[in-house]
Amino acid sequence: MKNKKAFGIWKYLLALIIIVLHFVPIYMVIAITFKSPYDHSSRWIFPGYVYLKNIQTALERGGMLMALKNTVIISAVAILFIVVIGAMAAYPLARNKSRMNHLVRGFIMGVMMIPPLSILVPLYSFMAKIGGINSYWGIIITLVTFQLPTSIFLFSSFISSIPVALEEAAAIDGCGPFQTFFRIIMPQLKPVTASVIIITGVNCWNNYQFALYLLQSPKIKTVTLAIASFFSADASNVNGAAAAAFLGILPLILVFLFLQKYFIQGMVDSAIK
Amino acid sequence: MMKKLAAIAFAGVMAVSMIGCSQAPAEPNTDSTENGTDSSSVAGGGEQKEAASSTGVTLEFLYNLNGEAVSDAIQEVCRQFTEETGIGVEAVMPGSNFSDIMKTRMASNQLPDVWTTHGWAVARYAEYLEPLNDFSFASHIAPSIEGQITDENGVLYTLPIDMDLTGIIYNANVLEEAGVNADDIQTWTDFEDACDKVKAIGKTPIQMGGKDSYTLGNMMDYVAPTLITNENEANQNALLDGSFDWDNWNIVVDKINQWNQNNYFNVDAVTADFMTGISALASEQAAFMFTSASGITETYVQNPDTEMGFIPMPAREDGLQRSLMTGEHFAVGMSNTTKYPEEAKMFLEFLAREDICAFLATKCGMPSGLDNVTSDTGRLAPFYDKYANDAAILNIPYFDRKYLPSGMWNDLCITGGTILSGQADAKTTVVNQMRTSYEEKKAQE
């Protein structure tokens, strides 16, 4: 009994430490965002005043509104493809356990192991040749390609746990493979779809390395590039960068705060299945 | 939901109230630019001329200079070029990854039409750059930078809008408080005496920002020539022909190691970043920093009321000359495979025009790289005037660019960190790494 109580305290202490660890970067971003660049006090100290010029700098010099618009378009379209193509590709892989499919699945999982930057030069050359530099579709194709293995892996594991009897019943009622997939299987995938959207969506939103090379026109820059533009080798505007980061994470935090019930439910359901 | 938000807000307020808050600082006068130079717009920019009709061509111009004043000036100049010629210019500053982007674009042979060569016009970009000897500005290149931007056959690769004249930057108020006269620092022994005096008043003698590893590379790059190559032709030739005895490098390691043992560096020398160093100088907590004069400009942005300056690199011993490094700062080259060679040429000629070049060099606060152009270097002018034409001071190229094979900059950064981290076998490790890397890269040349 005593042991159980002691474990309970440690559990809360551990939770508190994790909360603090996660809160510190957000605290720093907020503190620096609202602090004057001429305030030389420690970055740990919160400003006793509200300084909004950093936000103005992020919006005007950093072009954060345009960056947010670009990031929303790129992330939303990429997530749509990642979910739809991922689910459709995972279905036959999960259901038809042939040797060939085993190989295909292994190959797709293998792609997850390739460090994206290791193929940067051929990727850049190829994208330049097909005109994909500085275009929405170029970065979207790249993001979808590198996120699909995660999506296929999650969907195929989940589909494997859905009873085959459901599809047999649908077949008896006259459903073809496509109808079965869209009408019977897709509605079952809601929980895992939430997980896929969170995992791959955050990756798309935060993507820096591909955006850095594939999107060099200021008109098409994303949030991460807008933040990076405040830094160079010999001059940096940390306050402007923090304000841009603050604006960049705000939509994600708001979306998560308002939809966390669904996300957490999705994650739990996905785990139980 | 509202309860949760309120709880989070309450927790935040509690946390903040426990730490305390800072007071609003006084805003500096923003009538002048950060380096104290005139902030007037580009010459001729105020005149109302009829804009040329668009040619439909847009040049891609990649540049690596940040800072609001400089960046705004570049954008303004590009706008004016478009107005006058109808040729669009998309000027892009991709942040601190500029060098990596250029390497990728070189590897895939997809270079921008025009780009800043940031010190590498000859050593790295020569095969991708159009020779500029036929341009009208080629006869006006300042003699002190000409050698750094032309190859052994006299081919000119880049337009030097301004030039770097680099020494060790210092905070004059800190030195004054410590009783040090910057002009008295002639040798490294004098420099070390100055560091002892600064340490005695409880301030940091040498500020280092090792998290940004290039600051460690800078330190090695600044100290090495004074100990190895200045007024030592044998070592210069040995480094160039591949016969250098790397046991000689111990003298560099020993010097920096001794500073480290004497606690001249900030305690967080390996983990602090460059901007923390600038803040330390701005708040008059540190005396010296191994960085170019643009560091002074940055310091004035944070605290216009402080006094900054720079000194040449001290000499190895009495009787030898002090030295300043000269190199490219804002230098622009054009691709030899650009789809728009005529338009790119027009753009370079436009940048070299006296009014435009003077405007840009003034914004950078640096002396112009063209001898027919005079720039206003603001608060740095006394130092450029004092050192630029002083025959007692050696003008030397950046050590790594001149004497080390391409790709060894990283080794300088890494080995600088090894020394400062106080590793037990640092001396052997550093010398071995430099020797191995040098031999490997020389073999590939």
# chains A, B, ... in the order shown; residues from 1 in each chain; ligands from 1

call {"tool": "interface_residues", "arguments": {"of": "chain A", "to": "chain B", "cutoff": "8 Å", "atoms": "only C-alpha atoms", "output": "PyMOL selection string"}}
result
chain A and resi 36-41+44-49+120-122+124-125+128+212-213+216-218+225+228-237+258

call {"tool": "write_last_selection", "arguments": {"atoms": "C-alpha atoms", "output": "PDB file, in the first residue's frame"}}
result
ATOM      1  CA  SER A  36      12.282  44.423 -26.888  1.00  0.00           C
ATOM      2  CA  PRO A  37      15.524  43.613 -28.774  1.00  0.00           C
ATOM      3  CA  TYR A  38      17.151  46.299 -26.597  1.00  0.00           C
ATOM      4  CA  ASP A  39      16.195  44.484 -23.392  1.00  0.00           C
ATOM      5  CA  HIS A  40      19.448  42.799 -22.319  1.00  0.00           C
ATOM      6  CA  SER A  41      17.951  40.917 -19.382  1.00  0.00           C
ATOM      7  CA  TRP A  44      14.472  33.427 -18.908  1.00  0.00           C
ATOM      8  CA  ILE A  45      13.007  36.644 -17.548  1.00  0.00           C
ATOM      9  CA  PHE A  46       9.563  37.505 -18.850  1.00  0.00           C
ATOM     10  CA  PRO A  47       9.131  41.117 -20.031  1.00  0.00           C
ATOM     11  CA  GLY A  48       7.153  43.334 -17.653  1.00  0.00           C
ATOM     12  CA  TYR A  49       5.679  45.100 -20.676  1.00  0.00           C
ATOM     13  CA  LEU A 120      19.284  15.570 -51.815  1.00  0.00           C
ATOM     14  CA  VAL A 121      21.482  16.173 -54.870  1.00  0.00           C
ATOM     15  CA  PRO A 122      19.726  13.691 -57.214  1.00  0.00           C
ATOM     16  CA  TYR A 124      17.168  18.459 -56.472  1.00  0.00           C
ATOM     17  CA  SER A 125      18.479  17.739 -59.999  1.00  0.00           C
ATOM     18  CA  ALA A 128      14.816  21.040 -61.371  1.00  0.00           C
ATOM     19  CA  LEU A 212      14.876  24.992 -47.899  1.00  0.00           C
ATOM     20  CA  TYR A 213      16.106  23.519 -51.158  1.00  0.00           C
ATOM     21  CA  GLN A 216      13.663  29.367 -52.809  1.00  0.00           C
ATOM     22  CA  SER A 217      11.308  32.001 -54.135  1.00  0.00           C
ATOM     23  CA  PRO A 218      10.149  34.360 -51.351  1.00  0.00           C
ATOM     24  CA  LEU A 225      11.769  29.214 -44.046  1.00  0.00           C
ATOM     25  CA  ALA A 228      15.091  30.835 -40.793  1.00  0.00           C
ATOM     26  CA  SER A 229      15.253  34.045 -42.804  1.00  0.00           C
ATOM     27  CA  PHE A 230      15.871  35.904 -39.537  1.00  0.00           C
ATOM     28  CA  PHE A 231      19.221  34.161 -39.158  1.00  0.00           C
ATOM     29  CA  SER A 232      22.419  34.385 -41.147  1.00  0.00           C
ATOM     30  CA  ALA A 233      26.046  33.649 -40.368  1.00  0.00           C
ATOM     31  CA  ASP A 234      26.845  37.078 -38.990  1.00  0.00           C
ATOM     32  CA  ALA A 235      23.544  38.729 -38.144  1.00  0.00           C
ATOM     33  CA  SER A 236      20.425  37.401 -36.482  1.00  0.00           C
ATOM     34  CA  ASN A 237      17.175  38.841 -35.243  1.00  0.00           C
ATOM     35  CA  PHE A 258     -10.005  22.578 -29.805  1.00  0.00           C
TER      36      PHE A 258
END

call {"tool": "select_by_dssp", "arguments": {"residues": "range 53-269 of chain A", "states": "helix (DSSP H, G or I)", "output": "ChimeraX atom specification"}}
result
/A:53-60,64-95,99-112,116-129,136-160,165-172,177-188,190-206,209-214,218-220,223-228,238-269

call {"tool": "residues_around", "arguments": {"residues": "Ile79 in chain A", "least_positions_apart": "5", "cutoff": "9 Å", "atoms": "only C-alpha atoms", "output": "list of chain:residue names"}}
result
A:Ile74, A:Val84, A:Val144, A:Gln147, A:Val196, A:Ile197, A:Thr200, A:Gly201, A:Cys204

call {"tool": "residues_around", "arguments": {"residues": "Ile141 in chain B", "least_positions_apart": "6", "cutoff": "8 Å", "atoms": "only C-alpha atoms", "output": "list in words"}}
result
Pro160, Gly369, Leu370 and Asp371 of chain B

call {"tool": "write_last_selection", "arguments": {"atoms": "N, CA and C atoms", "output": "compact mmCIF listing (two decimals), in the first residue's frame"}}
result
# COMPACT_ATOMS: atom_id res chain seq x y z
N PRO B 160 33.58 43.16 -56.36
CA PRO B 160 33.64 43.44 -54.91
C PRO B 160 32.97 44.77 -54.60
N GLY B 369 35.08 48.09 -52.59
CA GLY B 369 36.08 47.27 -53.26
C GLY B 369 36.48 47.85 -54.61
N LEU B 370 35.86 48.98 -55.00
CA LEU B 370 36.22 49.64 -56.26
C LEU B 370 36.91 50.96 -55.92
N ASP B 371 38.02 51.25 -56.63
CA ASP B 371 38.78 52.43 -56.22
C ASP B 371 38.16 53.75 -56.69

call {"tool": "residues_around", "arguments": {"residues": "range 411-427 of chain B", "least_positions_apart": "2", "cutoff": "10 Å", "atoms": "only C-alpha atoms", "output": "JSON, numbers by chain"}}
result
{"B": [208, 210, 211, 212, 213, 214, 215, 216, 217, 218, 219, 220, 221, 249, 250, 251, 252, 253, 254, 256, 257, 258, 259, 260, 261, 265, 268, 269, 270, 271, 400, 407, 408, 409, 429, 430, 431, 432, 433, 434, 437, 438]}

call {"tool": "write_last_selection", "arguments": {"atoms": "N, CA and C atoms", "output": "tab-separated table (two decimals), in the first residue's frame"}}
result
chain	number	residue	atom	x	y	z
B	208	MET	N	33.44	33.92	-26.85
B	208	MET	CA	33.38	32.91	-27.92
B	208	MET	C	31.97	32.34	-27.99
B	210	GLY	N	30.80	29.14	-29.35
B	210	GLY	CA	31.10	27.84	-29.98
B	210	GLY	C	29.90	27.06	-30.49
B	211	LYS	N	28.69	27.43	-30.04
B	211	LYS	CA	27.50	26.71	-30.56
B	211	LYS	C	27.41	26.97	-32.06
B	212	ASP	N	27.73	28.20	-32.47
B	212	ASP	CA	27.86	28.48	-33.90
B	212	ASP	C	29.32	28.19	-34.24
B	213	SER	N	29.58	26.98	-34.76
B	213	SER	CA	30.95	26.48	-34.81
B	213	SER	C	31.88	27.35	-35.65
B	214	TYR	N	31.29	28.19	-36.55
B	214	TYR	CA	32.17	29.03	-37.36
B	214	TYR	C	32.96	30.03	-36.51
B	215	THR	N	32.44	30.34	-35.30
B	215	THR	CA	33.19	31.27	-34.44
B	215	THR	C	34.49	30.62	-33.97
B	216	LEU	N	34.44	29.28	-33.77
B	216	LEU	CA	35.66	28.55	-33.39
B	216	LEU	C	36.63	28.53	-34.58
B	217	GLY	N	36.04	28.33	-35.78
B	217	GLY	CA	36.86	28.34	-36.99
B	217	GLY	C	37.51	29.70	-37.19
B	218	ASN	N	36.74	30.78	-36.91
B	218	ASN	CA	37.29	32.13	-37.02
B	218	ASN	C	38.53	32.29	-36.15
B	219	MET	N	38.41	31.81	-34.90
B	219	MET	CA	39.52	31.97	-33.96
B	219	MET	C	40.78	31.30	-34.51
B	220	MET	N	40.63	30.06	-35.00
B	220	MET	CA	41.79	29.33	-35.54
B	220	MET	C	42.32	30.08	-36.77
B	221	ASP	N	41.38	30.55	-37.59
B	221	ASP	CA	41.74	31.22	-38.85
B	221	ASP	C	42.47	32.55	-38.59
B	249	TRP	N	52.00	22.90	-36.14
B	249	TRP	CA	50.65	23.38	-35.75
B	249	TRP	C	50.51	23.44	-34.22
B	250	ASN	N	51.41	22.72	-33.52
B	250	ASN	CA	51.35	22.71	-32.05
B	250	ASN	C	51.41	24.11	-31.46
B	251	ILE	N	52.09	24.99	-32.14
B	251	ILE	CA	52.24	26.36	-31.61
B	251	ILE	C	50.88	27.07	-31.54
B	252	VAL	N	50.00	26.76	-32.54
B	252	VAL	CA	48.65	27.33	-32.54
B	252	VAL	C	47.84	26.73	-31.40
B	253	VAL	N	47.92	25.40	-31.29
B	253	VAL	CA	47.16	24.70	-30.25
B	253	VAL	C	47.60	25.18	-28.87
B	254	ASP	N	48.93	25.28	-28.69
B	254	ASP	CA	49.45	25.71	-27.39
B	254	ASP	C	48.96	27.10	-27.00
B	256	ILE	N	46.19	28.74	-27.97
B	256	ILE	CA	44.77	28.79	-27.60
B	256	ILE	C	44.53	28.01	-26.30
B	257	ASN	N	45.25	26.91	-26.17
B	257	ASN	CA	45.13	26.12	-24.95
B	257	ASN	C	45.55	26.94	-23.73
B	258	GLN	N	46.60	27.73	-23.91
B	258	GLN	CA	47.08	28.57	-22.80
B	258	GLN	C	46.01	29.60	-22.41
B	259	TRP	N	45.35	30.20	-23.40
B	259	TRP	CA	44.27	31.15	-23.11
B	259	TRP	C	43.15	30.46	-22.35
B	260	ASN	N	42.88	29.22	-22.77
B	260	ASN	CA	41.82	28.45	-22.13
B	260	ASN	C	42.19	28.17	-20.67
B	261	GLN	N	43.45	27.76	-20.45
B	261	GLN	CA	43.93	27.48	-19.08
B	261	GLN	C	43.86	28.74	-18.22
B	265	PHE	N	38.43	32.84	-21.80
B	265	PHE	CA	37.17	32.70	-22.54
B	265	PHE	C	35.98	32.73	-21.59
B	268	ASP	N	30.86	29.65	-20.94
B	268	ASP	CA	30.06	28.85	-21.87
B	268	ASP	C	30.60	28.99	-23.30
B	269	ALA	N	31.92	29.06	-23.43
B	269	ALA	CA	32.53	29.29	-24.74
B	269	ALA	C	32.10	28.28	-25.80
B	270	VAL	N	31.89	27.03	-25.38
B	270	VAL	CA	31.57	25.98	-26.36
B	270	VAL	C	30.07	25.93	-26.66
B	271	THR	N	29.25	26.37	-25.69
B	271	THR	CA	27.80	26.20	-25.86
B	271	THR	C	27.04	27.50	-26.18
B	400	ASP	N	42.52	29.97	-44.24
B	400	ASP	CA	42.02	28.70	-44.82
B	400	ASP	C	41.82	28.81	-46.32
B	407	GLY	N	37.53	22.59	-48.15
B	407	GLY	CA	36.87	21.59	-47.31
B	407	GLY	C	37.47	21.49	-45.92
B	408	MET	N	38.56	22.23	-45.65
B	408	MET	CA	39.18	22.11	-44.33
B	408	MET	C	38.64	23.10	-43.30
B	409	TRP	N	37.73	23.95	-43.74
B	409	TRP	CA	37.14	24.91	-42.79
B	409	TRP	C	36.50	24.16	-41.61
B	429	THR	N	45.12	15.07	-30.68
B	429	THR	CA	43.92	14.90	-31.51
B	429	THR	C	43.85	15.97	-32.58
B	430	VAL	N	44.07	17.23	-32.17
B	430	VAL	CA	43.95	18.35	-33.11
B	430	VAL	C	44.99	18.23	-34.22
B	431	VAL	N	46.23	18.03	-33.83
B	431	VAL	CA	47.30	17.97	-34.84
B	431	VAL	C	47.06	16.79	-35.79
B	432	ASN	N	46.65	15.65	-35.24
B	432	ASN	CA	46.40	14.48	-36.10
B	432	ASN	C	45.26	14.72	-37.07
B	433	GLN	N	44.17	15.34	-36.55
B	433	GLN	CA	43.03	15.60	-37.43
B	433	GLN	C	43.41	16.55	-38.57
B	434	MET	N	44.14	17.60	-38.21
B	434	MET	CA	44.54	18.57	-39.24
B	434	MET	C	45.46	17.91	-40.27
B	437	SER	N	43.39	15.27	-42.45
B	437	SER	CA	42.46	15.92	-43.37
B	437	SER	C	43.22	16.64	-44.49
B	438	TYR	N	44.30	17.31	-44.11
B	438	TYR	CA	45.12	18.04	-45.09
B	438	TYR	C	45.68	17.08	-46.14

call {"tool": "closest_residue", "arguments": {"among": "B:Asn263, B:Phe137, B:Ser323, B:Gly277", "to": "Ala224 in chain B", "atoms": "only C-alpha atoms"}}
result
B:Ser323

call {"tool": "residues_around", "arguments": {"residues": "Leu148 in chain A", "least_positions_apart": "4", "cutoff": "8 Å", "atoms": "only C-alpha atoms", "output": "PyMOL selection string"}}
result
chain A and resi 82+85-86+144+152

call {"tool": "write_last_selection", "arguments": {"atoms": "C-alpha atoms", "output": "mmCIF file, in the first residue's frame"}}
result
data_model
loop_
_atom_site.group_PDB
_atom_site.id
_atom_site.type_symbol
_atom_site.label_atom_id
_atom_site.label_comp_id
_atom_site.auth_asym_id
_atom_site.auth_seq_id
_atom_site.Cartn_x
_atom_site.Cartn_y
_atom_site.Cartn_z
ATOM 1 C CA ILE A 82 -0.953 10.796 -47.660
ATOM 2 C CA ILE A 85 -3.085 6.935 -51.105
ATOM 3 C CA GLY A 86 -1.775 5.462 -47.837
ATOM 4 C CA VAL A 144 3.914 12.737 -49.807
ATOM 5 C CA ILE A 152 0.980 2.757 -45.197
#
